[in-house]
>>> print(open('work16.cif').read())   # mmCIF, C-alpha atoms and all ligand atoms
data_data
#
loop_
_atom_site.group_PDB
_atom_site.id
_atom_site.type_symbol
_atom_site.label_atom_id
_atom_site.label_comp_id
_atom_site.auth_asym_id
_atom_site.auth_seq_id
_atom_site.Cartn_x
_atom_site.Cartn_y
_atom_site.Cartn_z
ATOM 1 C CA MET A 75 9.948 166.102 -81.798
ATOM 2 C CA THR A 76 10.964 169.537 -80.452
ATOM 3 C CA ARG A 77 14.653 169.748 -79.616
ATOM 4 C CA GLY A 78 15.428 170.124 -75.902
ATOM 5 C CA VAL A 79 16.951 173.126 -74.167
ATOM 6 C CA PHE A 80 20.638 173.157 -73.208
ATOM 7 C CA ILE A 81 21.367 174.799 -69.823
ATOM 8 C CA THR A 82 24.840 175.087 -68.334
ATOM 9 C CA ILE A 83 25.774 176.040 -64.764
ATOM 10 C CA GLU A 84 29.063 177.812 -64.261
ATOM 11 C CA GLY A 85 31.101 179.491 -61.553
ATOM 12 C CA GLY A 86 34.241 179.143 -59.459
ATOM 13 C CA GLU A 87 34.987 176.588 -56.766
ATOM 14 C CA GLY A 88 32.338 175.990 -54.111
ATOM 15 C CA VAL A 89 29.827 178.543 -55.413
ATOM 16 C CA GLY A 90 27.025 175.959 -55.094
ATOM 17 C CA LYS A 91 26.676 174.513 -58.599
ATOM 18 C CA SER A 92 25.965 170.932 -57.472
ATOM 19 C CA THR A 93 23.608 172.093 -54.709
ATOM 20 C CA ASN A 94 21.595 174.353 -56.993
ATOM 21 C CA ILE A 95 21.466 171.926 -59.920
ATOM 22 C CA GLN A 96 19.385 169.673 -57.664
ATOM 23 C CA TYR A 97 16.985 172.569 -56.983
ATOM 24 C CA LEU A 98 16.815 173.484 -60.685
ATOM 25 C CA ALA A 99 16.104 169.849 -61.602
ATOM 26 C CA GLU A 100 13.323 169.550 -59.013
ATOM 27 C CA GLN A 101 11.620 172.708 -60.271
ATOM 28 C CA LEU A 102 11.839 171.735 -63.946
ATOM 29 C CA SER A 103 10.720 168.142 -63.264
ATOM 30 C CA SER A 104 7.672 169.383 -61.412
ATOM 31 C CA ALA A 105 6.877 171.538 -64.463
ATOM 32 C CA GLY A 106 6.784 168.270 -66.466
ATOM 33 C CA ILE A 107 10.139 168.681 -68.239
ATOM 34 C CA ALA A 108 12.151 165.528 -69.080
ATOM 35 C CA LEU A 109 15.735 166.100 -67.939
ATOM 36 C CA CYS A 110 19.250 164.872 -68.546
ATOM 37 C CA LEU A 111 21.628 165.897 -65.729
ATOM 38 C CA THR A 112 25.288 165.697 -66.527
ATOM 39 C CA ARG A 113 28.660 167.331 -65.876
ATOM 40 C CA GLU A 114 32.043 168.256 -67.308
ATOM 41 C CA PRO A 115 34.667 167.129 -67.445
ATOM 42 C CA GLY A 116 32.874 163.788 -67.479
ATOM 43 C CA GLY A 117 29.375 162.557 -68.230
ATOM 44 C CA THR A 118 30.310 159.238 -69.932
ATOM 45 C CA PRO A 119 32.551 156.397 -68.658
ATOM 46 C CA LEU A 120 35.396 157.430 -70.979
ATOM 47 C CA ALA A 121 35.004 161.150 -70.186
ATOM 48 C CA GLU A 122 34.872 160.364 -66.444
ATOM 49 C CA ASP A 123 38.231 158.548 -66.870
ATOM 50 C CA VAL A 124 39.611 161.717 -68.478
ATOM 51 C CA ARG A 125 38.187 163.718 -65.531
ATOM 52 C CA LYS A 126 40.230 161.572 -63.140
ATOM 53 C CA LEU A 127 43.372 162.270 -65.202
ATOM 54 C CA LEU A 128 42.629 166.001 -65.122
ATOM 55 C CA LEU A 129 41.734 166.389 -61.440
ATOM 56 C CA SER A 130 44.246 164.067 -59.748
ATOM 57 C CA PRO A 131 47.169 165.931 -58.231
ATOM 58 C CA ARG A 132 50.411 164.602 -59.804
ATOM 59 C CA GLU A 133 54.127 165.261 -59.599
ATOM 60 C CA GLU A 134 54.581 165.603 -63.366
ATOM 61 C CA ALA A 135 53.720 169.131 -64.515
ATOM 62 C CA VAL A 136 50.675 169.129 -66.832
ATOM 63 C CA ALA A 137 51.366 171.204 -69.942
ATOM 64 C CA GLU A 138 48.662 173.806 -70.609
ATOM 65 C CA ASN A 139 47.898 172.442 -74.072
ATOM 66 C CA THR A 140 47.601 168.901 -72.677
ATOM 67 C CA GLU A 141 45.035 170.121 -70.160
ATOM 68 C CA LEU A 142 43.140 172.033 -72.852
ATOM 69 C CA LEU A 143 43.062 169.109 -75.292
ATOM 70 C CA LEU A 144 41.978 166.637 -72.592
ATOM 71 C CA MET A 145 39.057 168.964 -71.727
ATOM 72 C CA PHE A 146 37.957 168.998 -75.354
ATOM 73 C CA ALA A 147 38.582 165.248 -75.825
ATOM 74 C CA ALA A 148 36.226 164.542 -72.895
ATOM 75 C CA ARG A 149 33.757 167.101 -74.297
ATOM 76 C CA ALA A 150 33.721 165.503 -77.771
ATOM 77 C CA GLN A 151 32.793 162.144 -76.231
ATOM 78 C CA HIS A 152 30.210 163.717 -73.917
ATOM 79 C CA ILE A 153 28.518 165.618 -76.755
ATOM 80 C CA ALA A 154 28.374 162.545 -79.005
ATOM 81 C CA GLN A 155 27.188 160.078 -76.355
ATOM 82 C CA VAL A 156 25.013 162.167 -74.037
ATOM 83 C CA ILE A 157 24.267 165.799 -74.887
ATOM 84 C CA GLU A 158 23.241 165.601 -78.548
ATOM 85 C CA PRO A 159 21.142 162.412 -78.162
ATOM 86 C CA ALA A 160 19.295 163.877 -75.141
ATOM 87 C CA LEU A 161 18.564 167.178 -76.921
ATOM 88 C CA ALA A 162 17.370 165.229 -79.968
ATOM 89 C CA ARG A 163 14.972 163.251 -77.729
ATOM 90 C CA GLY A 164 13.520 166.588 -76.556
ATOM 91 C CA GLU A 165 15.059 166.462 -73.069
ATOM 92 C CA TRP A 166 16.412 169.531 -71.342
ATOM 93 C CA VAL A 167 20.111 169.001 -70.629
ATOM 94 C CA ILE A 168 21.490 170.552 -67.429
ATOM 95 C CA CYS A 169 25.273 170.423 -67.498
ATOM 96 C CA ASP A 170 27.488 171.274 -64.507
ATOM 97 C CA ARG A 171 30.160 173.305 -66.390
ATOM 98 C CA PHE A 172 30.817 173.374 -70.140
ATOM 99 C CA THR A 173 33.015 175.377 -72.517
ATOM 100 C CA ASP A 174 32.722 178.662 -70.598
ATOM 101 C CA ALA A 175 34.759 176.845 -67.924
ATOM 102 C CA THR A 176 37.477 176.261 -70.538
ATOM 103 C CA TYR A 177 37.533 179.966 -71.374
ATOM 104 C CA ALA A 178 37.627 180.803 -67.635
ATOM 105 C CA TYR A 179 40.174 178.208 -66.395
ATOM 106 C CA GLN A 180 42.401 177.398 -69.391
ATOM 107 C CA GLY A 181 41.953 180.868 -70.955
ATOM 108 C CA GLY A 182 41.744 183.241 -67.983
ATOM 109 C CA GLY A 183 43.508 181.059 -65.404
ATOM 110 C CA ARG A 184 46.281 179.470 -67.508
ATOM 111 C CA GLY A 185 46.587 182.248 -70.084
ATOM 112 C CA ILE A 186 45.852 180.213 -73.243
ATOM 113 C CA SER A 187 44.642 182.504 -76.036
ATOM 114 C CA LEU A 188 40.867 182.753 -76.318
ATOM 115 C CA SER A 189 41.120 182.404 -80.103
ATOM 116 C CA LYS A 190 42.782 178.978 -79.733
ATOM 117 C CA ILE A 191 39.909 177.895 -77.445
ATOM 118 C CA SER A 192 37.383 179.327 -79.858
ATOM 119 C CA ASP A 193 38.910 177.290 -82.735
ATOM 120 C CA LEU A 194 38.590 174.083 -80.708
ATOM 121 C CA GLU A 195 35.044 175.023 -79.661
ATOM 122 C CA GLN A 196 34.057 175.413 -83.300
ATOM 123 C CA TRP A 197 35.771 172.171 -84.331
ATOM 124 C CA VAL A 198 34.413 169.991 -81.525
ATOM 125 C CA GLN A 199 30.968 171.526 -81.064
ATOM 126 C CA GLY A 200 29.979 172.774 -84.509
ATOM 127 C CA GLU A 201 26.840 174.844 -83.882
ATOM 128 C CA LEU A 202 26.186 173.458 -80.383
ATOM 129 C CA ARG A 203 26.086 176.242 -77.756
ATOM 130 C CA PRO A 204 24.130 176.463 -74.481
ATOM 131 C CA ASP A 205 20.728 178.150 -74.691
ATOM 132 C CA TYR A 206 21.098 179.452 -71.128
ATOM 133 C CA THR A 207 24.106 179.725 -68.851
ATOM 134 C CA LEU A 208 23.533 180.363 -65.149
ATOM 135 C CA LEU A 209 26.660 181.906 -63.636
ATOM 136 C CA LEU A 210 26.810 181.510 -59.865
ATOM 137 C CA ASP A 211 29.119 184.318 -58.869
ATOM 138 C CA ALA A 212 30.739 184.857 -55.471
ATOM 139 C CA PRO A 213 33.977 186.396 -54.216
ATOM 140 C CA VAL A 214 36.773 183.833 -54.522
ATOM 141 C CA ASP A 215 37.321 183.543 -50.763
ATOM 142 C CA VAL A 216 33.650 182.708 -50.156
ATOM 143 C CA GLY A 217 33.646 179.817 -52.675
ATOM 144 C CA LEU A 218 37.077 178.500 -51.700
ATOM 145 C CA GLY A 219 36.110 178.601 -48.030
ATOM 146 C CA ARG A 220 33.107 176.376 -48.779
ATOM 147 C CA ALA A 221 35.126 174.022 -51.029
ATOM 148 C CA HIS A 222 37.990 173.679 -48.513
ATOM 149 C CA LYS A 223 35.577 172.487 -45.812
ATOM 150 C CA ARG A 224 35.169 169.320 -47.897
ATOM 151 C CA GLY A 225 38.793 168.272 -47.199
ATOM 152 C CA GLU A 226 40.998 166.739 -49.966
ATOM 153 C CA LEU A 227 41.778 169.345 -52.683
ATOM 154 C CA ASP A 228 41.921 168.437 -56.393
ATOM 155 C CA ARG A 229 44.599 169.678 -58.831
ATOM 156 C CA PHE A 230 42.639 172.870 -59.642
ATOM 157 C CA GLU A 231 41.695 173.646 -56.052
ATOM 158 C CA ARG A 232 45.438 173.739 -55.203
ATOM 159 C CA GLU A 233 45.952 176.821 -57.396
ATOM 160 C CA GLN A 234 46.688 180.258 -55.899
ATOM 161 C CA GLN A 235 44.271 183.157 -55.316
ATOM 162 C CA ASP A 236 45.526 184.988 -58.422
ATOM 163 C CA PHE A 237 44.443 182.044 -60.643
ATOM 164 C CA PHE A 238 40.910 182.093 -59.183
ATOM 165 C CA ASP A 239 40.700 185.894 -59.487
ATOM 166 C CA LYS A 240 41.423 185.544 -63.231
ATOM 167 C CA VAL A 241 38.870 182.724 -63.539
ATOM 168 C CA ARG A 242 36.159 184.868 -61.920
ATOM 169 C CA ALA A 243 37.043 187.947 -64.015
ATOM 170 C CA THR A 244 36.865 185.863 -67.215
ATOM 171 C CA TYR A 245 33.453 184.439 -66.289
ATOM 172 C CA LEU A 246 32.148 187.957 -65.629
ATOM 173 C CA SER A 247 33.482 189.246 -68.940
ATOM 174 C CA LEU A 248 31.930 186.271 -70.807
ATOM 175 C CA ALA A 249 28.588 187.107 -69.149
ATOM 176 C CA LYS A 250 28.928 190.749 -70.146
ATOM 177 C CA ALA A 251 29.702 189.795 -73.753
ATOM 178 C CA ASN A 252 26.759 187.344 -73.985
ATOM 179 C CA PRO A 253 23.875 188.956 -72.075
ATOM 180 C CA ASP A 254 21.165 187.012 -73.958
ATOM 181 C CA ARG A 255 22.574 183.678 -72.829
ATOM 182 C CA PHE A 256 23.945 184.417 -69.341
ATOM 183 C CA ARG A 257 22.067 185.037 -66.107
ATOM 184 C CA ILE A 258 24.314 186.038 -63.191
ATOM 185 C CA ILE A 259 23.184 184.934 -59.730
ATOM 186 C CA ASN A 260 24.776 186.264 -56.564
ATOM 187 C CA ALA A 261 25.977 183.029 -54.961
ATOM 188 C CA ALA A 262 27.331 184.770 -51.845
ATOM 189 C CA GLN A 263 23.758 185.081 -50.557
ATOM 190 C CA SER A 264 22.092 182.489 -48.346
ATOM 191 C CA LEU A 265 20.970 179.337 -50.136
ATOM 192 C CA ALA A 266 17.322 180.419 -49.784
ATOM 193 C CA GLU A 267 18.074 183.750 -51.490
ATOM 194 C CA VAL A 268 20.078 182.072 -54.273
ATOM 195 C CA GLN A 269 17.126 179.753 -54.917
ATOM 196 C CA GLN A 270 14.664 182.662 -54.976
ATOM 197 C CA ASP A 271 16.778 184.221 -57.737
ATOM 198 C CA LEU A 272 16.983 180.878 -59.532
ATOM 199 C CA ALA A 273 13.195 180.532 -59.387
ATOM 200 C CA ILE A 274 12.868 183.825 -61.312
ATOM 201 C CA VAL A 275 15.216 182.542 -64.031
ATOM 202 C CA ILE A 276 13.353 179.210 -64.203
ATOM 203 C CA THR A 277 10.048 181.022 -64.718
ATOM 204 C CA GLU A 278 11.644 183.125 -67.451
ATOM 205 C CA MET A 279 13.086 180.064 -69.253
ATOM 206 C CA LEU A 280 9.780 178.171 -69.109
ATOM 207 C CA ALA A 281 7.902 181.215 -70.436
ATOM 208 C CA ALA A 282 10.405 181.736 -73.276
ATOM 209 C CA VAL A 283 10.192 178.100 -74.361
ATOM 210 C CA ALA A 284 6.372 178.074 -74.131
ATOM 211 C CA GLY A 285 6.295 181.273 -76.239
ATOM 212 C CA LEU A 286 8.552 179.704 -78.897
ATOM 213 C CA LYS A 287 6.366 176.578 -79.065
ATOM 214 C CA ALA A 288 3.193 178.659 -79.364
ATOM 215 C CA SER A 289 4.624 180.689 -82.254
ATOM 216 C CA SER A 290 5.916 177.650 -84.217
HETATM 217 N N1 LIG B 1 37.472 172.629 -65.428
HETATM 218 C C1 LIG B 1 38.329 173.307 -66.275
HETATM 219 O O1 LIG B 1 39.402 173.723 -65.861
HETATM 220 N N2 LIG B 1 37.972 173.479 -67.574
HETATM 221 C C2 LIG B 1 36.813 173.010 -68.091
HETATM 222 O O2 LIG B 1 36.543 173.176 -69.291
HETATM 223 C C3 LIG B 1 35.922 172.322 -67.185
HETATM 224 C C4 LIG B 1 36.286 172.155 -65.873
HETATM 225 C C5 LIG B 1 34.629 171.788 -67.712
HETATM 226 C C6 LIG B 1 36.152 170.252 -61.778
HETATM 227 O O3 LIG B 1 34.953 170.921 -61.784
HETATM 228 C C7 LIG B 1 37.276 171.156 -62.185
HETATM 229 O O4 LIG B 1 37.423 171.141 -63.599
HETATM 230 C C8 LIG B 1 37.026 172.589 -61.823
HETATM 231 C C9 LIG B 1 37.316 173.395 -63.070
HETATM 232 C C10 LIG B 1 37.883 172.417 -64.033
HETATM 233 N N3 LIG B 1 37.920 173.033 -60.856
HETATM 234 N N4 LIG B 1 37.999 172.712 -59.727
HETATM 235 N N5 LIG B 1 38.175 172.437 -58.699
HETATM 236 P P1 LIG B 1 33.853 170.665 -60.667
HETATM 237 O O5 LIG B 1 32.708 171.495 -61.107
HETATM 238 O O6 LIG B 1 33.623 169.259 -60.435
HETATM 239 O O7 LIG B 1 34.563 171.185 -59.333
HETATM 240 P P2 LIG B 1 34.245 172.350 -58.400
HETATM 241 O O8 LIG B 1 34.090 173.689 -58.966
HETATM 242 O O9 LIG B 1 35.364 172.191 -57.446
HETATM 243 O O10 LIG B 1 32.831 172.010 -57.852
HETATM 244 P P3 LIG B 1 32.482 172.040 -56.380
HETATM 245 O O11 LIG B 1 33.627 172.387 -55.487
HETATM 246 O O12 LIG B 1 31.782 170.753 -56.123
HETATM 247 O O13 LIG B 1 31.580 173.283 -56.217
HETATM 248 P P4 LIG B 1 30.051 173.526 -56.391
HETATM 249 O O14 LIG B 1 29.366 172.375 -57.035
HETATM 250 O O15 LIG B 1 29.950 174.835 -57.050
HETATM 251 O O16 LIG B 1 29.549 173.665 -54.891
HETATM 252 P P5 LIG B 1 28.597 172.714 -53.993
HETATM 253 O O17 LIG B 1 29.276 171.367 -53.840
HETATM 254 O O18 LIG B 1 27.208 172.783 -54.443
HETATM 255 O O19 LIG B 1 28.701 173.536 -52.638
HETATM 256 C C11 LIG B 1 29.899 173.583 -51.893
HETATM 257 C C12 LIG B 1 29.535 173.674 -50.386
HETATM 258 O O20 LIG B 1 28.939 174.945 -50.122
HETATM 259 C C13 LIG B 1 28.516 172.625 -49.944
HETATM 260 O O21 LIG B 1 28.847 172.237 -48.633
HETATM 261 C C14 LIG B 1 27.181 173.386 -49.942
HETATM 262 O O22 LIG B 1 26.272 172.884 -49.003
HETATM 263 C C15 LIG B 1 27.636 174.782 -49.563
HETATM 264 N N6 LIG B 1 26.797 175.850 -50.129
HETATM 265 C C16 LIG B 1 26.328 175.942 -51.402
HETATM 266 N N7 LIG B 1 25.630 177.083 -51.579
HETATM 267 C C17 LIG B 1 25.676 177.740 -50.392
HETATM 268 C C18 LIG B 1 25.145 178.999 -49.950
HETATM 269 N N8 LIG B 1 24.452 179.809 -50.745
HETATM 270 N N9 LIG B 1 25.420 179.362 -48.682
HETATM 271 C C19 LIG B 1 26.146 178.562 -47.868
HETATM 272 N N10 LIG B 1 26.662 177.358 -48.208
HETATM 273 C C20 LIG B 1 26.429 176.962 -49.471
#
>>> encode(input="work16.cif", output="structure tokens")
Amino acid sequence: MTRGVFITIEGGEGVGKSTNIQYLAEQLSSAGIALCLTREPGGTPLAEDVRKLLLSPREEAVAENTELLLMFAARAQHIAQVIEPALARGEWVICDRFTDATYAYQGGGRGISLSKISDLEQWVQGELRPDYTLLLDAPVDVGLGRAHKRGELDRFEREQQDFFDKVRATYLSLAKANPDRFRIINAAQSLAEVQQDLAIVITEMLAAVAGLKASS
């Protein structure tokens, strides 16, 4: 059985991750790919409970290390229960956020050292890394404007502009440092234009995987 492909979708608030994951899934399904759609934090009942702890606004201040460790606790469960078994079955896993979000939010946003995050990444994930990461990038005000239209704000969405600026800058520097894995898509465009760009990336991924199979 050929191992599946691990795709992550990243970006700031309201850039259109959920909307475009549906499009990505439709395109890959119609190409005959078996899919596992999931998200972080979350993806299993236990990890979804941790998500609620992380996103609910609360009076008690959440220490940065508590937030970081909860993200990785949820991730450890998600990898063991969902991601690794699906990849082993040959499914393509599409995950709405993964460890790049930890670098962007807990690293860039909260200021936790990237080497501490990297140590946890190595410990919790071993060799597991995404094969492709699609970064939906838009100016912070565009994404926040879309997210705020939904009403009730979660604990992250209540942060200030400066926090989101650092998150976006960290995502862009991760993409620059990992050009083989990242594809940046301009999410400030109309949905039709975003999906045209996504279609190009989908064609590229399908061709790369077909090429690998043919050569093995
Ligand atoms: N977090 C973290 O800190 N560390 C970690 O390691 C991880 C996560 C894994 C939950 O993530 C929070 O967890 C997140 C970071 C933190 N912070 N927050 N908040 P989440 O992914 O569940 O939450 P989110 O970023 O807030 O997702 P979202 O607001 O649902 O955004 P989205 O999925 O990117 O957007 P959407 O729902 O697809 O679209 C938003 C609206 O815009 C919707 O009405 C669409 O119809 C519209 N839209 C989308 N695209 C377009 C275009 N192109 N034009 C016009 N309108 C559009």
>>> resolve_selection(input="work16.cif", expression="the PyMOL selection byres (((chain A and resi 82) around 8) and not hetatm)", output="PDB file with C-alpha atoms, in the frame of the given file")
ATOM      1  CA  PHE A  80      20.638 173.157 -73.208  1.00  0.00           C
ATOM      2  CA  ILE A  81      21.367 174.799 -69.823  1.00  0.00           C
ATOM      3  CA  ILE A  83      25.774 176.040 -64.764  1.00  0.00           C
ATOM      4  CA  GLU A  84      29.063 177.812 -64.261  1.00  0.00           C
ATOM      5  CA  ILE A 168      21.490 170.552 -67.429  1.00  0.00           C
ATOM      6  CA  CYS A 169      25.273 170.423 -67.498  1.00  0.00           C
ATOM      7  CA  ASP A 170      27.488 171.274 -64.507  1.00  0.00           C
ATOM      8  CA  ARG A 171      30.160 173.305 -66.390  1.00  0.00           C
ATOM      9  CA  PHE A 172      30.817 173.374 -70.140  1.00  0.00           C
ATOM     10  CA  PRO A 204      24.130 176.463 -74.481  1.00  0.00           C
ATOM     11  CA  TYR A 206      21.098 179.452 -71.128  1.00  0.00           C
ATOM     12  CA  THR A 207      24.106 179.725 -68.851  1.00  0.00           C
ATOM     13  CA  LEU A 208      23.533 180.363 -65.149  1.00  0.00           C
TER      14      LEU A 208
END
>>> resolve_selection(input="work16.cif", expression="the PyMOL selection byres (((not hetatm)) within 6 of (chain B and resi 1))", output="ChimeraX atom specification")
/A:86-93,114-115,145,171-173,175-176,179-180,220-221,228,230-231,261-265
>>> atom_distance(input="work16.cif", atom1="CA of Pro159 (chain A)", atom2="CA of Lys287 (chain A)")
20.5 Å
>>> atom_distance(input="work16.cif", atom1="CA of Glu138 (chain A)", atom2="CA of Asp193 (chain A)")
15.9 Å
>>> closest_residue(input="work16.cif", among="A:Arg242, A:Lys250, A:Arg255, A:Arg77", to="Val167 (chain A)", atoms="all atoms listed in the file")
A:Arg77
>>> resolve_selection(input="work16.cif", expression="the PyMOL selection byres (((chain A and resi 149) around 12) and not hetatm)", output="MDAnalysis selection string")
chainID A and resid 112:118 120:122 124:125 142:148 150:158 169 171:173 175:176 194:195 197:199 202
>>> atom_distance(input="work16.cif", atom1="CA of Ala162 (chain A)", atom2="CA of Gln101 (chain A)")
21.8 Å
>>> closest_residue(input="work16.cif", among="A:Gly164, A:Leu248, A:Ile186, A:Asp271", to="Thr76 (chain A)", atoms="only C-alpha atoms")
A:Gly164
>>> closest_residue(input="work16.cif", among="A:Ala178, A:Met279, A:Leu111, A:Ile274", to="Ala99 (chain A)", atoms="only C-alpha atoms")
A:Leu111
>>> closest_residue(input="work16.cif", among="A:Gly78, A:Leu218, A:Ile95, A:Leu246", to="Ala273 (chain A)", atoms="only C-alpha atoms")
A:Ile95
>>> residues_around(input="work16.cif", residues="Gly182 (chain A)", least_positions_apart="4", cutoff="9 Å", atoms="all atoms listed in the file", output="ChimeraX atom specification")
/A:176-178,186-188,237-245
>>> axis_aligned_box(input="work16.cif", around="region 125-128 of chain A", padding_each_side="4 Å", output="JSON")
{"center_x": 40.8, "center_y": 163.8, "center_z": -64.3, "size_x": 13.2, "size_y": 12.4, "size_z": 10.4}
>>> build_atoms(input="work16.cif", residues="region 200-214 of chain A", atoms="N, CA and C atoms", output="CSV table (one decimal), in the coordinates of the input")
chain,number,residue,atom,x,y,z
A,200,GLY,N,30.8,172.3,-83.4
A,200,GLY,CA,30.0,172.8,-84.5
A,200,GLY,C,29.1,173.9,-84.0
A,201,GLU,N,27.8,173.8,-84.3
A,201,GLU,CA,26.8,174.8,-83.9
A,201,GLU,C,26.4,174.7,-82.4
A,202,LEU,N,26.7,173.7,-81.7
A,202,LEU,CA,26.2,173.5,-80.4
A,202,LEU,C,26.7,174.5,-79.4
A,203,ARG,N,25.8,175.3,-78.8
A,203,ARG,CA,26.1,176.2,-77.8
A,203,ARG,C,25.0,176.1,-76.7
A,204,PRO,N,25.2,176.5,-75.5
A,204,PRO,CA,24.1,176.5,-74.5
A,204,PRO,C,23.1,177.5,-74.9
A,205,ASP,N,21.8,177.2,-74.5
A,205,ASP,CA,20.7,178.2,-74.7
A,205,ASP,C,20.7,179.1,-73.5
A,206,TYR,N,21.0,178.6,-72.3
A,206,TYR,CA,21.1,179.5,-71.1
A,206,TYR,C,22.3,179.0,-70.3
A,207,THR,N,23.0,180.0,-69.8
A,207,THR,CA,24.1,179.7,-68.9
A,207,THR,C,23.9,180.5,-67.6
A,208,LEU,N,23.8,179.7,-66.5
A,208,LEU,CA,23.5,180.4,-65.1
A,208,LEU,C,24.9,180.5,-64.5
A,209,LEU,N,25.4,181.7,-64.3
A,209,LEU,CA,26.7,181.9,-63.6
A,209,LEU,C,26.4,182.2,-62.2
A,210,LEU,N,26.9,181.3,-61.3
A,210,LEU,CA,26.8,181.5,-59.9
A,210,LEU,C,28.1,182.2,-59.5
A,211,ASP,N,27.9,183.5,-59.1
A,211,ASP,CA,29.1,184.3,-58.9
A,211,ASP,C,29.3,184.7,-57.4
A,212,ALA,N,30.5,184.5,-56.9
A,212,ALA,CA,30.7,184.9,-55.5
A,212,ALA,C,32.2,185.2,-55.4
A,213,PRO,N,32.6,186.1,-54.4
A,213,PRO,CA,34.0,186.4,-54.2
A,213,PRO,C,34.8,185.1,-54.0
A,214,VAL,N,36.0,185.1,-54.5
A,214,VAL,CA,36.8,183.8,-54.5
A,214,VAL,C,36.9,183.2,-53.1
